[in-house]
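Beneath this line is the structure, given in structure tokens, with notes to follow.
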Amino acid sequence: GATTTHAEVAASKEVKKSIPSLAVLAEGIGDPQVRNRGTIGGSIANNDPAADYPSACLALNATIHTSKRKISADKFFKGMFETDLKKGELIESIEFEVPEKSAYAKFPNPASRYAIVGVYVSKLKKEVRVAVTGVESVVFRCKKIEDALSNNFSASAIDNVNISDKGFNSDIHASAEYRAHIIKV
């Protein structure tokens, strides 16, 4: 449900069994105080451009169940702190597709642990999905890496993928060029 805390996701035996990468993601959010108070629904509704859960939603082909409808993750995240939620609509639960394989890795800001760059890769039954957070004003799928991994699901498959830094964030923590480099790393 939407009110499940990050700590509960990280410790869940069911999550660790079916989607271990989601438990790893939850364990890496903030500090213990944040993990014990913050919720998955709150994180997704807030849609911070450097938050972790939006990348899980995109990579795991999630469906966000609200008080009024079901929304595909591909249509849910609209822009910086902007979602497809309508006035008065509340997130009730998030349904993730269970992957054959998946992993989440991030290069965190040392103070906040938000993702300077976070990449979630999942191999689903019908497709490979790669979601990137912390790099633009909103989480996005990286089609170039998805295509490369669809043909050959191995680390070497992305060696020749060129990631353009056009439109990427550049700040005191990392330049756009560095963020483009870290996506592949």
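Ordered as shown in the structure tokens, chains take letters A, B, and onward, while each chain numbers its residues from 1 and ligands are numbered from 1 in the order shown.
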
Identify all residues of chain A in strand (DSSP E or B) (DSSP on the backbone) and supply them as a PyMOL selection string. chain A and resi 5+39+63-66+70-72+77-79+82-83+91-95+101-108+115-123+128-133+140-141

Output file for the selection above: N, CA and C atoms, as a short mmCIF file (atom, residue, chain, number, x, y, z; two decimals), in the first residue's frame:
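As written to disk, out31.cif reads:
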data_model
loop_
_atom_site.label_atom_id
_atom_site.label_comp_id
_atom_site.auth_asym_id
_atom_site.auth_seq_id
_atom_site.Cartn_x
_atom_site.Cartn_y
_atom_site.Cartn_z
N THR A 5 6.20 2.14 4.67
CA THR A 5 7.42 2.93 4.83
C THR A 5 8.57 2.30 4.06
N THR A 39 7.17 7.24 3.11
CA THR A 39 6.40 6.16 2.49
C THR A 39 6.63 6.09 0.99
N THR A 63 2.11 -0.13 -12.02
CA THR A 63 0.80 0.48 -12.15
C THR A 63 0.50 1.15 -10.81
N ILE A 64 0.18 2.43 -10.87
CA ILE A 64 -0.14 3.18 -9.66
C ILE A 64 -1.66 3.16 -9.52
N HIS A 65 -2.14 2.57 -8.42
CA HIS A 65 -3.58 2.49 -8.15
C HIS A 65 -3.96 3.68 -7.29
N THR A 66 -4.92 4.45 -7.76
CA THR A 66 -5.36 5.63 -6.99
C THR A 66 -6.79 5.43 -6.53
N LYS A 70 -6.38 3.53 -12.35
CA LYS A 70 -5.06 2.91 -12.42
C LYS A 70 -4.26 3.69 -13.46
N ILE A 71 -3.00 4.00 -13.11
CA ILE A 71 -2.16 4.79 -14.02
C ILE A 71 -0.85 4.04 -14.25
N SER A 72 -0.50 3.85 -15.51
CA SER A 72 0.78 3.26 -15.87
C SER A 72 1.90 4.20 -15.45
N PHE A 77 4.64 10.03 -14.31
CA PHE A 77 5.64 11.05 -13.98
C PHE A 77 5.72 12.06 -15.12
N LYS A 78 5.28 13.29 -14.85
CA LYS A 78 5.12 14.30 -15.90
C LYS A 78 6.26 15.30 -15.98
N GLY A 79 6.75 15.78 -14.86
CA GLY A 79 7.80 16.79 -14.84
C GLY A 79 8.30 16.95 -13.42
N GLU A 82 5.88 16.92 -10.61
CA GLU A 82 4.57 16.88 -11.27
C GLU A 82 4.22 15.45 -11.67
N THR A 83 2.99 15.05 -11.34
CA THR A 83 2.52 13.71 -11.70
C THR A 83 1.17 13.84 -12.41
N ILE A 91 -2.98 8.20 -4.01
CA ILE A 91 -2.37 6.92 -4.32
C ILE A 91 -2.77 5.94 -3.22
N GLU A 92 -3.26 4.77 -3.64
CA GLU A 92 -3.63 3.73 -2.67
C GLU A 92 -2.62 2.60 -2.64
N SER A 93 -2.08 2.24 -3.80
CA SER A 93 -1.08 1.17 -3.85
C SER A 93 -0.28 1.26 -5.14
N ILE A 94 0.82 0.53 -5.16
CA ILE A 94 1.68 0.45 -6.35
C ILE A 94 1.89 -1.02 -6.65
N GLU A 95 1.64 -1.39 -7.88
CA GLU A 95 1.79 -2.78 -8.32
C GLU A 95 2.98 -2.86 -9.27
N LYS A 101 15.22 -10.57 -13.75
CA LYS A 101 16.45 -10.04 -13.15
C LYS A 101 16.27 -8.54 -13.00
N SER A 102 16.90 -7.97 -11.99
CA SER A 102 16.86 -6.52 -11.84
C SER A 102 17.94 -6.07 -10.88
N ALA A 103 18.30 -4.78 -10.99
CA ALA A 103 19.28 -4.18 -10.08
C ALA A 103 19.09 -2.68 -10.08
N TYR A 104 19.39 -2.09 -8.94
CA TYR A 104 19.38 -0.63 -8.82
C TYR A 104 20.70 -0.20 -8.22
N ALA A 105 21.32 0.79 -8.83
CA ALA A 105 22.56 1.36 -8.31
C ALA A 105 22.47 2.87 -8.42
N LYS A 106 23.00 3.54 -7.41
CA LYS A 106 23.01 4.99 -7.47
C LYS A 106 24.32 5.54 -6.96
N PHE A 107 24.64 6.71 -7.50
CA PHE A 107 25.75 7.51 -7.01
C PHE A 107 25.08 8.57 -6.16
N PRO A 108 25.13 8.40 -4.82
CA PRO A 108 24.35 9.29 -3.96
C PRO A 108 25.06 10.58 -3.58
N ALA A 115 19.81 10.57 -5.18
CA ALA A 115 20.60 10.12 -6.32
C ALA A 115 21.13 11.30 -7.13
N ILE A 116 22.43 11.43 -7.20
CA ILE A 116 23.02 12.33 -8.19
C ILE A 116 22.77 11.68 -9.55
N VAL A 117 22.97 10.36 -9.58
CA VAL A 117 22.57 9.51 -10.70
C VAL A 117 22.12 8.17 -10.10
N GLY A 118 20.95 7.72 -10.50
CA GLY A 118 20.46 6.41 -10.10
C GLY A 118 19.94 5.68 -11.33
N VAL A 119 20.30 4.41 -11.48
CA VAL A 119 19.88 3.64 -12.65
C VAL A 119 19.27 2.32 -12.18
N TYR A 120 18.06 2.06 -12.64
CA TYR A 120 17.36 0.82 -12.31
C TYR A 120 17.19 0.03 -13.61
N VAL A 121 17.73 -1.18 -13.64
CA VAL A 121 17.65 -2.04 -14.82
C VAL A 121 16.79 -3.26 -14.47
N SER A 122 15.85 -3.59 -15.34
CA SER A 122 15.07 -4.81 -15.11
C SER A 122 14.87 -5.56 -16.42
N LYS A 123 15.00 -6.86 -16.30
CA LYS A 123 14.71 -7.74 -17.42
C LYS A 123 13.37 -8.38 -17.09
N VAL A 128 13.20 -5.35 -21.74
CA VAL A 128 14.18 -4.81 -20.80
C VAL A 128 13.85 -3.34 -20.61
N ARG A 129 13.85 -2.90 -19.35
CA ARG A 129 13.55 -1.51 -19.05
C ARG A 129 14.68 -0.93 -18.20
N VAL A 130 15.08 0.30 -18.54
CA VAL A 130 16.14 0.99 -17.82
C VAL A 130 15.63 2.39 -17.48
N ALA A 131 15.57 2.71 -16.19
CA ALA A 131 15.09 4.01 -15.74
C ALA A 131 16.22 4.75 -15.04
N VAL A 132 16.27 6.07 -15.27
CA VAL A 132 17.34 6.91 -14.74
C VAL A 132 16.73 8.04 -13.92
N THR A 133 17.27 8.27 -12.74
CA THR A 133 16.82 9.36 -11.88
C THR A 133 18.01 10.23 -11.48
N PHE A 140 13.39 9.19 -16.21
CA PHE A 140 13.14 8.83 -17.61
C PHE A 140 13.68 7.45 -17.92
N ARG A 141 13.16 6.87 -18.99
CA ARG A 141 13.68 5.59 -19.49
C ARG A 141 14.77 5.88 -20.50
#

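If you count only C-alpha atoms and ignore residues fewer than 3 places along the chain from Lys144 (chain A), what sits within 7 Å of it is A:Asp147, A:Ala148, A:Val161.
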
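Shortest atom-to-atom contact with Asp159 (chain A) among A:Ala26, A:Ala174, A:Ile183, A:Leu124: A:Ile183, counting only C-alpha atoms.
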
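Near Gly38 (chain A), within 8 Å and counting only C-alpha atoms, sit A:Thr5, A:His6, A:Val34, A:Gly42, A:Ser43, not including residues fewer than 4 positions from it in the same chain.
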
Excluding same-chain residues fewer than 3 positions from Tyr114 (chain A), what lies within 8 Å of it counting only C-alpha atoms, as an mmCIF file with N, CA, C and O atoms, in the first residue's frame?
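Result written to part-v6.cif:
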data_model
loop_
_atom_site.group_PDB
_atom_site.id
_atom_site.type_symbol
_atom_site.label_atom_id
_atom_site.label_comp_id
_atom_site.auth_asym_id
_atom_site.auth_seq_id
_atom_site.Cartn_x
_atom_site.Cartn_y
_atom_site.Cartn_z
ATOM 1 N N ILE A 29 17.582 4.663 0.864
ATOM 2 C CA ILE A 29 16.925 5.976 0.921
ATOM 3 C C ILE A 29 17.273 6.673 2.226
ATOM 4 O O ILE A 29 17.130 6.099 3.307
ATOM 5 N N GLY A 30 17.736 7.907 2.135
ATOM 6 C CA GLY A 30 17.952 8.765 3.296
ATOM 7 C C GLY A 30 18.691 8.116 4.441
ATOM 8 O O GLY A 30 19.626 7.347 4.262
ATOM 9 N N ALA A 50 15.264 13.551 -8.048
ATOM 10 C CA ALA A 50 16.383 12.711 -7.627
ATOM 11 C C ALA A 50 15.935 11.580 -6.703
ATOM 12 O O ALA A 50 16.765 10.919 -6.088
ATOM 13 N N ALA A 51 14.639 11.347 -6.619
ATOM 14 C CA ALA A 51 14.123 10.273 -5.763
ATOM 15 C C ALA A 51 14.355 8.916 -6.408
ATOM 16 O O ALA A 51 14.465 8.798 -7.629
ATOM 17 N N ASP A 52 14.398 7.880 -5.574
ATOM 18 C CA ASP A 52 14.704 6.535 -6.040
ATOM 19 C C ASP A 52 13.486 5.783 -6.590
ATOM 20 O O ASP A 52 13.561 5.137 -7.628
ATOM 21 N N PRO A 108 25.127 8.405 -4.822
ATOM 22 C CA PRO A 108 24.346 9.290 -3.960
ATOM 23 C C PRO A 108 25.057 10.582 -3.584
ATOM 24 O O PRO A 108 26.282 10.632 -3.499
ATOM 25 N N ASN A 109 24.266 11.616 -3.332
ATOM 26 C CA ASN A 109 24.775 12.817 -2.706
ATOM 27 C C ASN A 109 25.199 12.398 -1.293
ATOM 28 O O ASN A 109 24.417 11.758 -0.587
ATOM 29 N N GLY A 134 17.718 11.482 -11.100
ATOM 30 C CA GLY A 134 18.752 12.410 -10.656
ATOM 31 C C GLY A 134 19.461 13.134 -11.776
ATOM 32 O O GLY A 134 20.303 13.990 -11.529
#

Which neighbours of Pro32 (chain A) fall inside 8 Å, counting only C-alpha atoms, when residues of the same chain fewer than 3 positions from it are skipped, and could you give them as number ranges by chain? A: 7, 35-36

So which residues of region 30-104 of chain A fall under alpha helix (DSSP H) by DSSP, listed as number ranges by chain? A: 32-37, 40-46, 53-59, 73-76

Output for the residues just chosen: N, CA and C atoms as an mmCIF file, in the first residue's frame:
data_model
loop_
_atom_site.group_PDB
_atom_site.id
_atom_site.type_symbol
_atom_site.label_atom_id
_atom_site.label_comp_id
_atom_site.auth_asym_id
_atom_site.auth_seq_id
_atom_site.Cartn_x
_atom_site.Cartn_y
_atom_site.Cartn_z
ATOM 1 N N PRO A 32 18.029 6.459 8.723
ATOM 2 C CA PRO A 32 17.012 5.653 9.411
ATOM 3 C C PRO A 32 15.722 6.415 9.745
ATOM 4 N N GLN A 33 15.834 7.680 10.101
ATOM 5 C CA GLN A 33 14.642 8.459 10.417
ATOM 6 C C GLN A 33 13.744 8.598 9.188
ATOM 7 N N VAL A 34 14.343 8.893 8.054
ATOM 8 C CA VAL A 34 13.575 9.023 6.808
ATOM 9 C C VAL A 34 12.976 7.675 6.425
ATOM 10 N N ARG A 35 13.759 6.606 6.514
ATOM 11 C CA ARG A 35 13.255 5.287 6.124
ATOM 12 C C ARG A 35 12.111 4.805 7.015
ATOM 13 N N ASN A 36 12.084 5.244 8.263
ATOM 14 C CA ASN A 36 11.030 4.818 9.181
ATOM 15 C C ASN A 36 9.801 5.723 9.166
ATOM 16 N N ARG A 37 9.873 6.865 8.506
ATOM 17 C CA ARG A 37 8.716 7.770 8.432
ATOM 18 C C ARG A 37 8.212 7.960 6.997
ATOM 19 N N ILE A 40 6.376 4.921 0.441
ATOM 20 C CA ILE A 40 6.512 4.735 -1.000
ATOM 21 C C ILE A 40 5.512 5.607 -1.759
ATOM 22 N N GLY A 41 4.285 5.676 -1.268
ATOM 23 C CA GLY A 41 3.277 6.515 -1.929
ATOM 24 C C GLY A 41 3.624 7.989 -1.875
ATOM 25 N N GLY A 42 4.124 8.435 -0.741
ATOM 26 C CA GLY A 42 4.524 9.834 -0.607
ATOM 27 C C GLY A 42 5.662 10.188 -1.532
ATOM 28 N N SER A 43 6.637 9.290 -1.645
ATOM 29 C CA SER A 43 7.773 9.529 -2.526
ATOM 30 C C SER A 43 7.336 9.631 -3.985
ATOM 31 N N ILE A 44 6.474 8.715 -4.390
ATOM 32 C CA ILE A 44 6.019 8.717 -5.776
ATOM 33 C C ILE A 44 5.150 9.943 -6.065
ATOM 34 N N ALA A 45 4.269 10.292 -5.129
ATOM 35 C CA ALA A 45 3.403 11.461 -5.321
ATOM 36 C C ALA A 45 4.221 12.747 -5.389
ATOM 37 N N ASN A 46 5.304 12.826 -4.604
ATOM 38 C CA ASN A 46 6.159 14.016 -4.595
ATOM 39 C C ASN A 46 6.965 14.135 -5.881
ATOM 40 N N TYR A 53 12.370 5.820 -5.855
ATOM 41 C CA TYR A 53 11.203 5.015 -6.236
ATOM 42 C C TYR A 53 10.665 5.276 -7.652
ATOM 43 N N PRO A 54 10.670 6.515 -8.154
ATOM 44 C CA PRO A 54 10.181 6.689 -9.530
ATOM 45 C C PRO A 54 10.936 5.826 -10.549
ATOM 46 N N SER A 55 12.238 5.636 -10.331
ATOM 47 C CA SER A 55 12.984 4.781 -11.266
ATOM 48 C C SER A 55 12.532 3.332 -11.162
ATOM 49 N N ALA A 56 12.205 2.883 -9.944
ATOM 50 C CA ALA A 56 11.684 1.525 -9.770
ATOM 51 C C ALA A 56 10.351 1.378 -10.483
ATOM 52 N N CYS A 57 9.507 2.395 -10.376
ATOM 53 C CA CYS A 57 8.194 2.338 -11.034
ATOM 54 C C CYS A 57 8.338 2.189 -12.542
ATOM 55 N N LEU A 58 9.220 2.983 -13.138
ATOM 56 C CA LEU A 58 9.414 2.893 -14.591
ATOM 57 C C LEU A 58 10.072 1.574 -14.989
ATOM 58 N N ALA A 59 11.120 1.198 -14.286
ATOM 59 C CA ALA A 59 11.863 -0.014 -14.668
ATOM 60 C C ALA A 59 11.058 -1.282 -14.444
ATOM 61 N N ALA A 73 2.982 3.654 -14.918
ATOM 62 C CA ALA A 73 4.123 4.481 -14.525
ATOM 63 C C ALA A 73 4.646 5.300 -15.697
ATOM 64 N N ASP A 74 4.580 4.749 -16.910
ATOM 65 C CA ASP A 74 5.048 5.476 -18.090
ATOM 66 C C ASP A 74 4.271 6.776 -18.305
ATOM 67 N N LYS A 75 3.062 6.874 -17.782
ATOM 68 C CA LYS A 75 2.234 8.073 -17.946
ATOM 69 C C LYS A 75 2.113 8.891 -16.661
ATOM 70 N N PHE A 76 2.629 8.359 -15.553
ATOM 71 C CA PHE A 76 2.422 8.987 -14.251
ATOM 72 C C PHE A 76 3.352 10.171 -13.982
#

Find the distance between CA of Val139 (chain A) and CA of Ala2 (chain A) and write it in Å to one decimal.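 Taking CA of Val139 (chain A) as the start and CA of Ala2 (chain A) as the end point, the length is 19.4 Å.
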
In terms of only C-alpha atoms, the residue from A:Val98, A:Asn152, A:Pro110, A:Met80 at minimal distance from Glu14 (chain A) is A:Val98

Between A:Ile158, A:Phe81, A:Leu60, A:Asn151, which one has atoms that come closest to Val138 (chain A), using only C-alpha atoms?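 Closest candidate: A:Phe81.
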
Which of A:Glu89, A:Glu100, A:Asp165, A:Asp31 sits closest to Ser18 (chain A) [using only C-alpha atoms]: A:Glu100
